[in-house]
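Source file run-v9.pdb; content: PDB, C-alpha atoms (C1' of nucleotides).
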```pdb
ATOM      1  CA  MET A 861     103.716 151.549 -56.211
ATOM      2  CA  GLY A 862     103.960 149.214 -53.206
ATOM      3  CA  THR A 863     107.684 148.894 -53.815
ATOM      4  CA  VAL A 864     110.293 148.612 -51.127
ATOM      5  CA  LYS A 865     111.508 152.073 -52.077
ATOM      6  CA  ASN A 866     108.053 153.520 -51.520
ATOM      7  CA  LYS A 867     107.696 151.941 -48.110
ATOM      8  CA  GLU A 868     111.061 153.326 -47.210
ATOM      9  CA  ASN A 869     110.034 156.803 -48.313
ATOM     10  CA  VAL A 870     106.855 156.677 -46.258
ATOM     11  CA  ARG A 871     108.778 155.660 -43.162
ATOM     12  CA  GLU A 872     111.345 158.309 -43.859
ATOM     13  CA  ALA A 873     108.604 160.934 -44.020
ATOM     14  CA  SER A 874     106.923 159.854 -40.793
ATOM     15  CA  CYS A 875     110.330 159.906 -39.122
ATOM     16  CA  LYS A 876     110.807 163.519 -40.211
ATOM     17  CA  GLU A 877     107.444 164.410 -38.723
ATOM     18  CA  GLU A 878     108.435 162.854 -35.437
ATOM     19  CA  LEU A 879     111.678 164.770 -35.421
ATOM     20  CA  THR A 880     109.801 168.000 -36.125
ATOM     21  CA  ALA A 881     107.468 167.335 -33.215
ATOM     22  CA  MET A 882     110.411 166.699 -30.941
ATOM     23  CA  ARG A 883     112.088 169.844 -32.161
ATOM     24  CA  ASP A 884     108.993 171.748 -31.047
ATOM     25  CA  SER A 885     109.180 170.167 -27.619
ATOM     26  CA  ILE A 886     112.838 171.009 -27.316
ATOM     27  CA  ASP A 887     112.264 174.599 -28.387
ATOM     28  CA  ILE A 888     109.590 175.062 -25.759
ATOM     29  CA  LEU A 889     110.994 173.041 -22.876
ATOM     30  CA  GLY A 890     114.709 173.204 -23.603
ATOM     31  CA  GLY A 891     117.356 175.121 -21.720
ATOM     32  CA  LYS A 892     118.622 174.886 -18.212
ATOM     33  CA  TRP A 893     115.565 175.808 -16.213
ATOM     34  CA  LYS A 894     112.101 175.226 -17.681
ATOM     35  CA  LEU A 895     111.739 171.548 -16.872
ATOM     36  CA  LEU A 896     113.124 172.112 -13.399
ATOM     37  CA  ILE A 897     110.531 174.798 -12.780
ATOM     38  CA  MET A 898     107.755 172.562 -14.068
ATOM     39  CA  ARG A 899     108.929 169.753 -11.850
ATOM     40  CA  TYR A 900     109.112 171.999  -8.831
ATOM     41  CA  LEU A 901     105.550 173.146  -9.422
ATOM     42  CA  THR A 902     104.164 169.652  -9.950
ATOM     43  CA  ASN A 903     105.669 168.615  -6.640
ATOM     44  CA  ARG A 904     103.594 171.192  -4.820
ATOM     45  CA  THR A 905     100.325 171.655  -6.633
ATOM     46  CA  THR A 906      98.405 171.883  -3.361
ATOM     47  CA  GLU A 907     100.397 174.808  -2.024
ATOM     48  CA  SER A 908     100.967 178.387  -2.963
ATOM     49  CA  ASN A 909     104.157 178.851  -4.931
ATOM     50  CA  HIS A 910     105.226 182.415  -4.940
ATOM     51  CA  PHE A 911     108.198 183.817  -6.758
ATOM     52  CA  LYS A 912     110.708 183.857  -3.922
ATOM     53  CA  LYS A 913     109.712 180.413  -2.756
ATOM     54  CA  ILE A 914     110.325 178.939  -6.198
ATOM     55  CA  GLN A 915     113.637 180.726  -6.410
ATOM     56  CA  ARG A 916     114.683 179.273  -3.070
ATOM     57  CA  GLY A 917     113.525 175.829  -4.168
ATOM     58  CA  ILE A 918     115.576 175.721  -7.337
ATOM     59  CA  ASP A 919     119.275 175.988  -6.591
ATOM     60  CA  GLY A 920     121.114 178.656  -8.482
ATOM     61  CA  ILE A 921     118.341 180.236 -10.492
ATOM     62  CA  SER A 922     118.451 184.028 -10.643
ATOM     63  CA  ALA A 923     115.459 186.334 -10.431
ATOM     64  CA  LYS A 924     116.034 187.330 -14.019
ATOM     65  CA  MET A 925     115.956 183.800 -15.357
ATOM     66  CA  LEU A 926     113.058 182.702 -13.174
ATOM     67  CA  SER A 927     111.027 185.671 -14.291
ATOM     68  CA  LYS A 928     111.815 185.091 -17.939
ATOM     69  CA  GLU A 929     111.183 181.363 -17.882
ATOM     70  CA  LEU A 930     107.902 181.745 -16.044
ATOM     71  CA  LYS A 931     106.756 184.228 -18.685
ATOM     72  CA  ASP A 932     107.618 181.773 -21.453
ATOM     73  CA  LEU A 933     105.820 178.955 -19.673
ATOM     74  CA  GLU A 934     102.789 181.172 -19.159
ATOM     75  CA  LEU A 935     102.720 182.013 -22.871
ATOM     76  CA  ASN A 936     102.695 178.312 -23.613
ATOM     77  CA  LEU A 937      99.790 177.798 -21.219
ATOM     78  CA  MET A 938     101.842 175.696 -18.847
ATOM     79  CA  VAL A 939     101.531 177.885 -15.744
ATOM     80  CA  THR A 940      99.234 180.598 -14.463
ATOM     81  CA  ARG A 941     100.245 183.721 -12.643
ATOM     82  CA  THR A 942      97.996 185.211  -9.994
ATOM     83  CA  ILE A 943      98.681 188.218  -7.852
ATOM     84  CA  GLN A 944      97.812 187.650  -4.232
ATOM     85  CA  ASP A 945      96.521 190.531  -2.150
ATOM     86  CA  THR A 946      98.908 190.040   0.739
ATOM     87  CA  ARG A 947     101.340 192.401   2.481
ATOM     88  CA  PRO A 948     103.861 192.406   0.967
ATOM     89  CA  VAL A 949     102.275 191.430  -2.330
ATOM     90  CA  THR A 950     103.035 187.862  -3.413
ATOM     91  CA  VAL A 951     102.567 186.419  -6.864
ATOM     92  CA  ASN A 952     101.467 182.856  -7.114
ATOM     93  CA  TYR A 953     102.467 180.517  -9.886
ATOM     94  CA  SER A 954     100.778 177.219 -10.448
ATOM     95  CA  ILE A 955     100.777 174.564 -13.068
ATOM     96  CA  THR A 956      97.748 174.472 -15.340
ATOM     97  CA  GLU A 957      95.640 171.419 -16.047
ATOM     98  CA  TYR A 958      97.264 171.404 -19.458
ATOM     99  CA  GLY A 959     100.689 171.838 -17.895
ATOM    100  CA  THR A 960     100.289 168.517 -16.119
ATOM    101  CA  SER A 961     100.742 166.887 -19.527
ATOM    102  CA  ILE A 962     104.449 167.350 -18.927
ATOM    103  CA  ILE A 963     104.532 165.178 -15.804
ATOM    104  CA  PRO A 964     105.200 161.896 -17.665
ATOM    105  CA  VAL A 965     108.193 163.571 -19.296
ATOM    106  CA  THR A 966     109.716 164.909 -16.092
ATOM    107  CA  ASP A 967     109.004 161.604 -14.335
ATOM    108  CA  MET A 968     111.018 159.815 -16.993
ATOM    109  CA  LEU A 969     113.833 162.339 -16.832
ATOM    110  CA  VAL A 970     114.104 162.006 -13.048
ATOM    111  CA  GLN A 971     114.207 158.230 -13.314
ATOM    112  CA  TRP A 972     116.654 158.323 -16.159
ATOM    113  CA  GLY A 973     118.946 160.735 -14.352
ATOM    114  CA  LEU A 974     118.995 158.599 -11.216
ATOM    115  CA  ASN A 975     119.647 155.460 -13.210
ATOM    116  CA  HIS A 976     122.316 157.062 -15.348
ATOM    117  CA  ARG A 977     124.351 158.120 -12.344
ATOM    118  CA  GLU A 978     124.436 154.460 -11.230
ATOM    119  CA  LYS A 979     125.377 153.329 -14.712
ATOM    120  CA  ILE A 980     128.230 155.756 -15.174
ATOM    121  CA  ARG A 981     129.701 154.919 -11.749
ATOM    122  CA  ASP A 982     131.032 151.657 -13.245
TER     123      ASP A 982
ATOM    124  CA  MET B  50     109.833 164.808  15.749
ATOM    125  CA  GLY B  51     106.881 163.885  13.551
ATOM    126  CA  THR B  52     105.966 167.539  13.294
ATOM    127  CA  VAL B  53     104.500 169.179  10.241
ATOM    128  CA  LYS B  54     107.733 171.128   9.822
ATOM    129  CA  ASN B  55     109.738 167.907   9.735
ATOM    130  CA  LYS B  56     107.523 166.317   7.131
ATOM    131  CA  GLU B  57     107.873 169.432   5.069
ATOM    132  CA  ASN B  58     111.652 169.296   5.332
ATOM    133  CA  VAL B  59     111.772 165.663   4.249
ATOM    134  CA  ARG B  60     109.629 166.380   1.211
ATOM    135  CA  GLU B  61     111.743 169.428   0.445
ATOM    136  CA  ALA B  62     114.858 167.262   0.480
ATOM    137  CA  SER B  63     113.448 164.560  -1.776
ATOM    138  CA  CYS B  64     112.316 167.271  -4.159
ATOM    139  CA  LYS B  65     115.882 168.595  -4.322
ATOM    140  CA  GLU B  66     117.130 165.115  -5.142
ATOM    141  CA  GLU B  67     114.654 164.831  -7.956
ATOM    142  CA  LEU B  68     115.718 168.164  -9.339
ATOM    143  CA  THR B  69     119.352 167.103  -9.176
ATOM    144  CA  ALA B  70     118.564 163.938 -11.109
ATOM    145  CA  MET B  71     116.746 165.931 -13.743
ATOM    146  CA  ARG B  72     119.622 168.373 -13.952
ATOM    147  CA  ASP B  73     121.859 165.409 -14.787
ATOM    148  CA  SER B  74     119.500 164.331 -17.538
ATOM    149  CA  ILE B  75     119.363 167.837 -18.950
ATOM    150  CA  ASP B  76     123.144 168.160 -18.878
ATOM    151  CA  ILE B  77     123.565 164.936 -20.813
ATOM    152  CA  LEU B  78     120.646 165.100 -23.222
ATOM    153  CA  GLY B  79     120.118 168.845 -23.498
ATOM    154  CA  GLY B  80     120.884 171.081 -26.445
ATOM    155  CA  LYS B  81     119.537 171.215 -29.926
ATOM    156  CA  TRP B  82     120.585 167.858 -31.305
ATOM    157  CA  LYS B  83     121.190 164.936 -28.926
ATOM    158  CA  LEU B  84     117.618 163.805 -28.493
ATOM    159  CA  LEU B  85     116.980 164.154 -32.215
ATOM    160  CA  ILE B  86     119.956 161.919 -32.956
ATOM    161  CA  MET B  87     118.803 159.360 -30.431
ATOM    162  CA  ARG B  88     115.330 159.382 -31.912
ATOM    163  CA  TYR B  89     116.682 158.996 -35.404
ATOM    164  CA  LEU B  90     118.708 155.973 -34.349
ATOM    165  CA  THR B  91     115.858 154.293 -32.460
ATOM    166  CA  ASN B  92     113.733 154.591 -35.580
ATOM    167  CA  ARG B  93     116.168 152.466 -37.513
ATOM    168  CA  THR B  94     117.794 150.001 -35.180
ATOM    169  CA  THR B  95     117.646 147.265 -37.802
ATOM    170  CA  GLU B  96     119.630 149.152 -40.407
ATOM    171  CA  SER B  97     123.097 150.504 -40.727
ATOM    172  CA  ASN B  98     123.298 154.165 -39.836
ATOM    173  CA  HIS B  99     126.416 155.739 -41.152
ATOM    174  CA  PHE B 100     127.497 159.297 -40.619
ATOM    175  CA  LYS B 101     126.252 160.822 -43.858
ATOM    176  CA  LYS B 102     122.957 159.018 -43.666
ATOM    177  CA  ILE B 103     122.278 160.384 -40.205
ATOM    178  CA  GLN B 104     123.250 163.843 -41.358
ATOM    179  CA  ARG B 105     120.807 163.614 -44.262
ATOM    180  CA  GLY B 106     118.102 162.317 -41.950
ATOM    181  CA  ILE B 107     118.330 165.191 -39.487
ATOM    182  CA  ASP B 108     117.552 168.502 -41.161
ATOM    183  CA  GLY B 109     120.101 171.223 -40.656
ATOM    184  CA  ILE B 110     122.743 169.437 -38.600
ATOM    185  CA  SER B 111     126.324 170.154 -39.618
ATOM    186  CA  ALA B 112     129.114 167.604 -39.768
ATOM    187  CA  LYS B 113     130.842 169.327 -36.906
ATOM    188  CA  MET B 114     127.859 169.163 -34.599
ATOM    189  CA  LEU B 115     126.918 165.625 -35.561
ATOM    190  CA  SER B 116     130.463 164.483 -34.932
ATOM    191  CA  LYS B 117     130.639 166.214 -31.578
ATOM    192  CA  GLU B 118     127.248 165.057 -30.364
ATOM    193  CA  LEU B 119     127.907 161.460 -31.368
ATOM    194  CA  LYS B 120     131.140 161.546 -29.386
ATOM    195  CA  ASP B 121     129.305 162.825 -26.327
ATOM    196  CA  LEU B 122     126.632 160.163 -26.680
ATOM    197  CA  GLU B 123     129.263 157.481 -27.077
ATOM    198  CA  LEU B 124     130.998 158.647 -23.900
ATOM    199  CA  ASN B 125     127.701 158.298 -22.091
ATOM    200  CA  LEU B 126     127.285 154.749 -23.425
ATOM    201  CA  MET B 127     124.255 155.660 -25.499
ATOM    202  CA  VAL B 128     125.628 154.780 -28.927
ATOM    203  CA  THR B 129     128.404 152.649 -30.348
ATOM    204  CA  ARG B 130     130.658 153.528 -33.227
ATOM    205  CA  THR B 131     131.949 150.833 -35.559
ATOM    206  CA  ILE B 132     134.102 151.317 -38.590
ATOM    207  CA  GLN B 133     132.866 149.342 -41.562
ATOM    208  CA  ASP B 134     135.369 147.941 -44.006
ATOM    209  CA  THR B 135     133.637 149.251 -47.116
ATOM    210  CA  ARG B 136     134.870 151.402 -50.012
ATOM    211  CA  PRO B 137     134.687 154.213 -49.226
ATOM    212  CA  VAL B 138     134.940 153.532 -45.521
ATOM    213  CA  THR B 139     131.688 154.029 -43.645
ATOM    214  CA  VAL B 140     131.269 154.410 -39.924
ATOM    215  CA  ASN B 141     128.226 152.910 -38.363
ATOM    216  CA  TYR B 142     126.471 154.317 -35.355
ATOM    217  CA  SER B 143     123.880 152.403 -33.454
ATOM    218  CA  ILE B 144     122.033 152.765 -30.237
ATOM    219  CA  THR B 145     123.184 150.573 -27.371
ATOM    220  CA  GLU B 146     120.959 148.344 -25.308
ATOM    221  CA  TYR B 147     121.400 150.876 -22.535
ATOM    222  CA  GLY B 148     120.638 153.689 -24.957
ATOM    223  CA  THR B 149     117.167 152.298 -25.509
ATOM    224  CA  SER B 150     116.379 153.474 -21.981
ATOM    225  CA  ILE B 151     115.817 156.862 -23.561
ATOM    226  CA  ILE B 152     112.992 155.694 -25.817
ATOM    227  CA  PRO B 153     110.214 156.369 -23.301
ATOM    228  CA  VAL B 154     111.494 159.937 -23.008
ATOM    229  CA  THR B 155     111.612 160.619 -26.734
ATOM    230  CA  ASP B 156     108.242 158.927 -27.209
ATOM    231  CA  MET B 157     106.760 161.335 -24.715
ATOM    232  CA  LEU B 158     108.416 164.316 -26.299
ATOM    233  CA  VAL B 159     107.150 163.412 -29.756
ATOM    234  CA  GLN B 160     103.619 162.988 -28.418
ATOM    235  CA  TRP B 161     103.833 166.158 -26.409
ATOM    236  CA  GLY B 162     105.142 168.145 -29.356
ATOM    237  CA  LEU B 163     102.351 166.935 -31.646
ATOM    238  CA  ASN B 164      99.731 167.652 -29.020
ATOM    239  CA  HIS B 165     101.143 171.054 -28.157
ATOM    240  CA  ARG B 166     100.932 172.242 -31.738
ATOM    241  CA  GLU B 167      97.210 171.429 -31.706
ATOM    242  CA  LYS B 168      96.776 173.157 -28.380
ATOM    243  CA  ILE B 169      98.504 176.369 -29.379
ATOM    244  CA  ARG B 170      96.539 176.598 -32.631
ATOM    245  CA  ASP B 171      93.511 177.783 -30.589
TER     246      ASP B 171
ATOM    247  C1'  DG C 930     144.879 163.875 -63.215
ATOM    248  C1'  DC C 931     139.995 165.214 -62.112
ATOM    249  C1'  DT C 932     135.886 164.283 -59.698
ATOM    250  C1'  DA C 933     133.253 162.037 -56.233
ATOM    251  C1'  DT C 934     132.475 159.323 -52.343
ATOM    252  C1'  DT C 935     133.234 158.490 -47.336
ATOM    253  C1'  DA C 936     134.224 160.740 -42.374
ATOM    254  C1'  DG C 937     135.495 163.745 -40.258
ATOM    255  C1'  DT C 938     138.632 168.299 -38.403
ATOM    256  C1'  DT C 939     139.797 173.074 -37.959
ATOM    257  C1'  DA C 940     139.485 178.034 -37.618
ATOM    258  C1'  DA C 941     136.916 181.988 -37.515
ATOM    259  C1'  DC C 942     132.797 183.783 -36.548
ATOM    260  C1'  DT C 943     127.942 184.833 -34.721
ATOM    261  C1'  DT C 944     124.325 184.107 -31.744
ATOM    262  C1'  DT C 945     122.079 183.167 -27.717
ATOM    263  C1'  DA C 946     121.726 181.557 -23.185
ATOM    264  C1'  DG C 947     122.734 182.649 -18.924
ATOM    265  C1'  DG C 948     125.190 185.155 -14.889
ATOM    266  C1'  DT C 949     125.981 189.379 -11.972
ATOM    267  C1'  DA C 950     124.836 193.267  -9.852
ATOM    268  C1'  DA C 951     122.483 197.369  -9.323
ATOM    269  C1'  DC C 952     118.143 199.291  -9.517
ATOM    270  C1'  DT C 953     112.655 200.328  -9.093
ATOM    271  C1'  DA C 954     108.498 200.129  -6.490
ATOM    272  C1'  DG C 955     105.100 199.179  -2.956
ATOM    273  C1'  DT C 956     104.467 198.003   1.827
ATOM    274  C1'  DT C 957     105.563 197.132   6.769
ATOM    275  C1'  DA C 958     107.984 197.485  11.017
ATOM    276  C1'  DC C 959     111.298 199.723  13.934
TER     277       DC C 959
ATOM    278  C1'  DG D1234     114.219 207.715   7.820
ATOM    279  C1'  DT D1235     116.153 203.278   7.341
ATOM    280  C1'  DA D1236     115.955 198.538   6.993
ATOM    281  C1'  DA D1237     113.491 194.489   5.207
ATOM    282  C1'  DC D1238     110.205 192.067   2.706
ATOM    283  C1'  DT D1239     107.837 191.204  -1.734
ATOM    284  C1'  DA D1240     108.454 190.906  -7.255
ATOM    285  C1'  DG D1241     110.476 191.906 -10.460
ATOM    286  C1'  DT D1242     113.547 194.949 -14.374
ATOM    287  C1'  DT D1243     117.632 196.677 -16.569
ATOM    288  C1'  DA D1244     122.236 196.956 -18.388
ATOM    289  C1'  DC D1245     126.427 194.894 -18.964
ATOM    290  C1'  DC D1246     129.144 191.087 -19.675
ATOM    291  C1'  DT D1247     130.912 186.182 -20.415
ATOM    292  C1'  DA D1248     130.855 181.638 -21.843
ATOM    293  C1'  DA D1249     128.876 178.239 -24.312
ATOM    294  C1'  DA D1250     126.424 176.705 -28.219
ATOM    295  C1'  DG D1251     126.070 176.556 -32.790
ATOM    296  C1'  DT D1252     127.127 177.985 -37.919
ATOM    297  C1'  DT D1253     129.903 178.303 -42.072
ATOM    298  C1'  DA D1254     133.247 177.172 -45.036
ATOM    299  C1'  DA D1255     137.539 175.398 -46.113
ATOM    300  C1'  DC D1256     140.464 171.656 -45.436
ATOM    301  C1'  DT D1257     142.595 166.549 -44.747
ATOM    302  C1'  DA D1258     142.822 161.761 -45.987
ATOM    303  C1'  DA D1259     141.657 157.409 -48.045
ATOM    304  C1'  DT D1260     139.628 155.150 -51.999
ATOM    305  C1'  DA D1261     137.381 154.487 -56.485
ATOM    306  C1'  DG D1262     135.822 155.488 -61.266
ATOM    307  C1'  DC D1263     136.428 157.843 -65.533
TER     308       DC D1263
END
```

Represent the supplied structure as structure tokens.
Amino acid sequence: MGTVKNKENVREASCKEELTAMRDSIDILGGKWKLLIMRYLTNRTTESNHFKKIQRGIDGISAKMLSKELKDLELNLMVTRTIQDTRPVTVNYSITEYGTSIIPVTDMLVQWGLNHREKIRD
Amino acid sequence: MGTVKNKENVREASCKEELTAMRDSIDILGGKWKLLIMRYLTNRTTESNHFKKIQRGIDGISAKMLSKELKDLELNLMVTRTIQDTRPVTVNYSITEYGTSIIPVTDMLVQWGLNHREKIRD
DNA sequence: GCTATTAGTTAACTTTAGGTAACTAGTTAC
DNA sequence: GTAACTAGTTACCTAAAGTTAACTAATAGC
């Protein structure tokens, strides 16, 4: 007890827990589109974001994928879906209060991506 | 000039740039393993991290995937690979100075993952 | 010579993520 | 009645991601 080996084992265990937590994040937010959708929505929280508008805003995403990803995000309480009584009907998607917890992550990823392009150019 | 439409277009454009940057990040760090490997390495910068040790530390990763992902990360200047003159030979992987730029991202993802599990449990 | 360690590689396979295109359905305008 | 808008859905397919297991090669101990 109190040995170096024990300390090592404790750290090892807490490391595993961290990796498990990150695995969860990756499962939920991973793939080609989810973080892009979240970022798009956080950039326009004050406006209405209907399906077609989001699709136009995110280059290359198909209706099928957008629909599927939005469903997943809704299940994970990240976005809400509200049907608007307009002609033709529009469906509004917006980020939830809880969903804003992802903003620090996307902020970092934007910064990192910008910086990495610089870095690699050498 | 100076119209609402113009402002909107400018914001639209900067949003696209952000999404492009994040796409880069996702391309480089996406998938099941890369961020886990980076996290594992940042948790033990002071020690030697040879291939087998990393594989034991990250549940479920195969030699093939670990090898491939480490190569990718090396290409992107995130980790260095050094052959150690031990018997049997060991190969050490460590995070680069530049690679530490990813720590804020993995920190966030660990926190987010822990928090999300709580959230969903309701 | 057999076993075990290291660090991978290779081939063969399965799974899943994602793409494409055609389709439904409700409404409006011409 | 046909075209156009909205928001999807469905079926079919491909390509990429990932898994499994067997193998190489160098070295050491028994």

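Proximity ranking of B:Gly148, B:Gly79, B:Pro137, B:Gly109 relative to chain A places B:Gly79 first, based on all atoms listed in the file.
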
TODO: Kindly determine which residues of chain B lie within 10 Å of chain C, considering only C-alpha atoms (C1' of nucleotides), and give the answer as a PyMOL selection string.
DONE: chain B and resi 99-101+112-113+115-116+135-140

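Any residue of chain D with an atom no more than 8 Å from chain B counts as a contact; using all atoms listed in the file, that gives DG1251, DA1259, DT1260 and DA1261 of chain D.
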
Task: atom CA of Leu974 of chain A to atom CA of Asp73 of chain B, distance in Å rounded to a single decimal - done: 8.2 Å

TODO: Please report as number ranges by chain which residues of chain A come no farther than 7 Å from chain B, using all atoms listed in the file.
DONE: A: 878-879, 881-882, 884-885, 890, 896, 965, 968-970, 972-974

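For the pair atom CA of Met87 of chain B and atom CA of Lys894 of chain A, the interatomic distance is 21.4 Å.
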
What are the centre and edge lengths in Å, to one decimal, of the axis-aligned box around all listed atoms of segment 1251-1259 of chain D with 5 Å added on each side, as JSON?
```
{"center_x": 134.4, "center_y": 167.9, "center_z": -40.4, "size_x": 26.8, "size_y": 30.9, "size_z": 25.3}
```

TODO: For atom CA of Leu90 of chain B and atom CA of Ser874 of chain A, quote the distance in Å rounded to one decimal.
DONE: 14.0 Å
